[in-house]
>>> print(open('query-v2.cif').read())   # mmCIF, C-alpha atoms
data_query
loop_
_atom_site.label_atom_id
_atom_site.label_comp_id
_atom_site.auth_asym_id
_atom_site.auth_seq_id
_atom_site.Cartn_x
_atom_site.Cartn_y
_atom_site.Cartn_z
CA MET A 24 -7.07 -7.48 23.13
CA SER A 25 -6.81 -3.90 24.28
CA ARG A 26 -8.95 -1.77 22.01
CA LEU A 27 -12.62 -1.39 21.22
CA PRO A 28 -13.97 -2.30 17.79
CA PRO A 29 -14.91 0.50 15.39
CA PHE A 30 -18.01 2.46 16.45
CA ALA A 31 -18.08 1.00 19.98
CA ARG A 32 -18.24 4.49 21.46
CA PHE A 33 -21.62 4.93 19.74
CA VAL A 34 -23.19 1.99 21.61
CA PRO A 35 -25.32 3.49 24.41
CA SER A 36 -25.19 1.75 27.79
CA GLU A 37 -28.95 1.10 27.66
CA CYS A 38 -28.64 -0.68 24.31
CA ARG A 39 -29.60 -4.34 24.89
CA GLU A 40 -28.55 -5.62 21.48
CA VAL A 41 -25.72 -4.92 19.10
CA LYS A 42 -25.21 -5.65 15.43
CA ILE A 43 -21.74 -6.68 14.32
CA TYR A 44 -20.76 -6.49 10.68
CA ALA A 45 -17.91 -8.54 9.23
CA GLY A 46 -16.82 -9.54 5.76
CA PRO A 47 -14.81 -7.92 2.98
CA ASN A 48 -16.51 -4.50 3.31
CA PRO A 49 -18.42 -4.28 6.60
CA TRP A 50 -18.60 -0.47 6.55
CA GLU A 51 -20.62 -0.47 3.34
CA PHE A 52 -22.93 -3.22 4.56
CA SER A 53 -23.55 -1.66 7.97
CA GLY A 54 -24.73 1.72 6.71
CA HIS A 55 -24.04 4.84 8.71
CA CYS A 56 -23.18 3.68 12.21
CA ARG A 57 -23.35 7.12 13.78
CA ALA A 58 -26.99 7.42 12.78
CA MET A 59 -27.79 3.94 14.11
CA PRO A 60 -26.29 3.26 17.57
CA GLY A 61 -25.59 -0.33 18.51
CA ARG A 62 -23.54 -1.27 15.45
CA LEU A 63 -19.99 -2.57 15.55
CA ILE A 64 -17.47 -3.48 12.86
CA LEU A 65 -15.02 -6.37 12.61
CA PRO A 66 -12.57 -4.98 10.04
CA PRO A 67 -11.59 -7.44 7.30
CA ASP A 68 -7.90 -7.32 8.24
CA ALA A 69 -8.49 -7.84 11.99
CA LYS A 70 -8.93 -10.87 14.21
CA PRO A 71 -11.94 -11.05 16.57
CA GLU A 72 -9.46 -11.49 19.42
CA ASP A 73 -7.93 -8.07 18.67
CA PHE A 74 -10.82 -6.25 20.37
CA LEU A 75 -12.62 -5.78 23.67
CA TRP A 76 -16.24 -6.32 22.61
CA PRO A 77 -18.79 -4.29 24.65
CA VAL A 78 -21.43 -7.05 24.66
CA ASN A 79 -21.72 -8.13 28.30
CA GLY A 80 -25.37 -8.95 28.99
CA ARG A 81 -26.40 -8.11 25.43
CA GLU A 82 -27.76 -10.03 22.47
CA CYS A 83 -25.61 -9.90 19.35
CA TYR A 84 -26.55 -10.11 15.70
CA VAL A 85 -23.56 -10.96 13.53
CA PHE A 86 -23.72 -10.34 9.80
CA GLY A 87 -20.78 -12.30 8.43
CA LEU A 88 -21.79 -12.35 4.81
CA ASP A 89 -19.04 -13.46 2.47
CA ASP A 90 -16.63 -13.91 5.39
CA ASP A 91 -14.48 -16.87 6.40
CA GLU A 92 -16.40 -19.42 8.48
CA GLN A 93 -13.49 -19.98 10.88
CA ARG A 94 -13.21 -16.25 11.52
CA ILE A 95 -16.93 -15.98 12.29
CA THR A 96 -16.73 -19.05 14.54
CA ARG A 97 -13.88 -17.40 16.46
CA LEU A 98 -15.96 -14.20 16.73
CA ILE A 99 -18.84 -16.18 18.27
CA ALA A 100 -16.47 -17.64 20.86
CA VAL A 101 -14.96 -14.22 21.65
CA LEU A 102 -18.43 -12.68 22.07
CA GLY A 103 -19.36 -15.49 24.45
CA ARG A 104 -16.25 -14.87 26.57
CA ALA A 105 -17.13 -11.14 26.56
CA GLY A 106 -20.53 -11.91 28.11
CA ALA A 107 -22.99 -11.95 25.20
CA THR A 108 -26.19 -13.78 26.14
CA VAL A 109 -27.29 -14.77 22.64
CA VAL A 110 -25.46 -14.59 19.31
CA ARG A 111 -27.47 -14.76 16.10
CA VAL A 112 -25.40 -15.18 12.96
CA SER A 113 -26.22 -14.71 9.27
CA TRP A 114 -23.32 -16.03 7.23
CA GLY A 115 -22.57 -17.06 3.73
CA GLU A 116 -24.39 -15.62 0.75
CA THR A 117 -26.70 -16.82 -1.99
CA PRO A 118 -26.11 -15.76 -5.61
CA ARG A 119 -28.83 -13.12 -5.07
CA GLY A 120 -26.99 -11.70 -2.06
CA GLU A 121 -29.28 -13.23 0.59
CA PRO A 122 -27.97 -14.91 3.77
CA LEU A 123 -27.23 -18.56 3.16
CA ARG A 124 -27.34 -19.71 6.78
CA PHE A 125 -28.75 -18.41 10.02
CA SER A 126 -27.60 -19.79 13.37
CA VAL A 127 -28.52 -18.96 16.97
CA PHE A 128 -26.20 -19.60 19.90
CA ARG A 129 -27.52 -19.24 23.46
CA LEU A 130 -24.53 -18.77 25.69
CA GLU A 131 -25.14 -20.36 29.08
CA GLY A 132 -21.86 -19.22 30.61
CA ALA A 133 -22.34 -15.55 29.74
CA ARG A 134 -21.33 -13.09 32.43
CA ARG A 135 -24.10 -11.15 34.11
CA ALA A 136 -24.61 -7.55 33.03
CA ALA A 137 -23.19 -5.07 35.50
#
>>> encode(input="query-v2.cif", output="structure tokens")
Amino acid sequence: MSRLPPFARFVPSECREVKIYAGPNPWEFSGHCRAMPGRLILPPDAKPEDFLWPVNGRECYVFGLDDDEQRITRLIAVLGRAGATVVRVSWGETPRGEPLRFSVFRLEGARRAA
């Protein structure tokens, strides 16, 4: 855990929420990250533990469509250890491409924002 996830340098310090895209092709699903600050990518070949997530004191929205449930569960835990206050997750996918499940995790032990 020594590097930032893709597009982390485009997350402004005043940004109170971040969107994290995972799955087989998160770049396509996330759109153009440079034009929309506050978006991060979990590459399909990476583990959530591989990155330093800049989420301390922030709310996170995870879009884990068509991704492995265990991988998304590990990402939620990693975000909590990194200080996220709330993690909202859309995961799975319906045949029409809509989110199958939506979960909200309020993280009581989150670190305070600096």
>>> closest_residue(input="query-v2.cif", among="A:Pro29, A:Gly106, A:Pro35, A:Pro71", to="Cys83 of chain A", atoms="all atoms listed in the file")
A:Gly106
>>> atom_distance(input="query-v2.cif", atom1="atom CA of Asp91 of chain A", atom2="atom CA of Ile43 of chain A")
14.8 Å
>>> resolve_selection(input="query-v2.cif", expression="the PyMOL selection byres ((chain A and resi 33) around 7)", output="number ranges by chain")
A: 30-32, 34-35, 57, 60-61
>>> resolve_selection(input="query-v2.cif", expression="the PyMOL selection byres ((chain A and resi 46) around 12)", output="PyMOL selection string")
chain A and resi 43-45+47-53+64-71+85-92+94-95+98+113-116
>>> closest_residue(input="query-v2.cif", among="A:Leu75, A:Val112, A:Val41, A:Ala107", to="Ser25 of chain A", atoms="only C-alpha atoms")
A:Leu75
>>> residues_near_point(input="query-v2.cif", point="(-10.2, -4.0, 23.1)", cutoff="9 Å", atoms="all atoms listed in the file", output="mmCIF file with C-alpha atoms, in the coordinates of the input")
data_model
loop_
_atom_site.group_PDB
_atom_site.id
_atom_site.type_symbol
_atom_site.label_atom_id
_atom_site.label_comp_id
_atom_site.auth_asym_id
_atom_site.auth_seq_id
_atom_site.Cartn_x
_atom_site.Cartn_y
_atom_site.Cartn_z
ATOM 1 C CA MET A 24 -7.070 -7.480 23.130
ATOM 2 C CA SER A 25 -6.810 -3.900 24.280
ATOM 3 C CA ARG A 26 -8.950 -1.770 22.010
ATOM 4 C CA LEU A 27 -12.620 -1.390 21.220
ATOM 5 C CA PRO A 28 -13.970 -2.300 17.790
ATOM 6 C CA GLU A 72 -9.460 -11.490 19.420
ATOM 7 C CA ASP A 73 -7.930 -8.070 18.670
ATOM 8 C CA PHE A 74 -10.820 -6.250 20.370
ATOM 9 C CA LEU A 75 -12.620 -5.780 23.670
ATOM 10 C CA TRP A 76 -16.240 -6.320 22.610
ATOM 11 C CA PRO A 77 -18.790 -4.290 24.650
#
>>> atom_distance(input="query-v2.cif", atom1="atom CA of Arg62 of chain A", atom2="atom CA of Lys42 of chain A")
4.7 Å
>>> closest_residue(input="query-v2.cif", among="A:Arg97, A:Glu37, A:Thr108, A:Ser126", to="Arg81 of chain A", atoms="only C-alpha atoms")
A:Thr108
>>> atom_distance(input="query-v2.cif", atom1="atom CA of Asn79 of chain A", atom2="atom CA of Leu102 of chain A")
8.4 Å
>>> closest_residue(input="query-v2.cif", among="A:Arg104, A:Arg111, A:Arg129, A:Arg39", to="Gly80 of chain A", atoms="all atoms listed in the file")
A:Arg39
>>> closest_residue(input="query-v2.cif", among="A:Val110, A:Val127, A:Val78, A:Ala100", to="Cys38 of chain A", atoms="only C-alpha atoms")
A:Val78
>>> axis_aligned_box(input="query-v2.cif", around="segment 64-72 of chain A", padding_each_side="3 Å", output="lines of an AutoDock Vina configuration file")
center_x = -12.7
center_y = -7.5
center_z = 13.4
size_x = 15.6
size_y = 14.0
size_z = 18.1
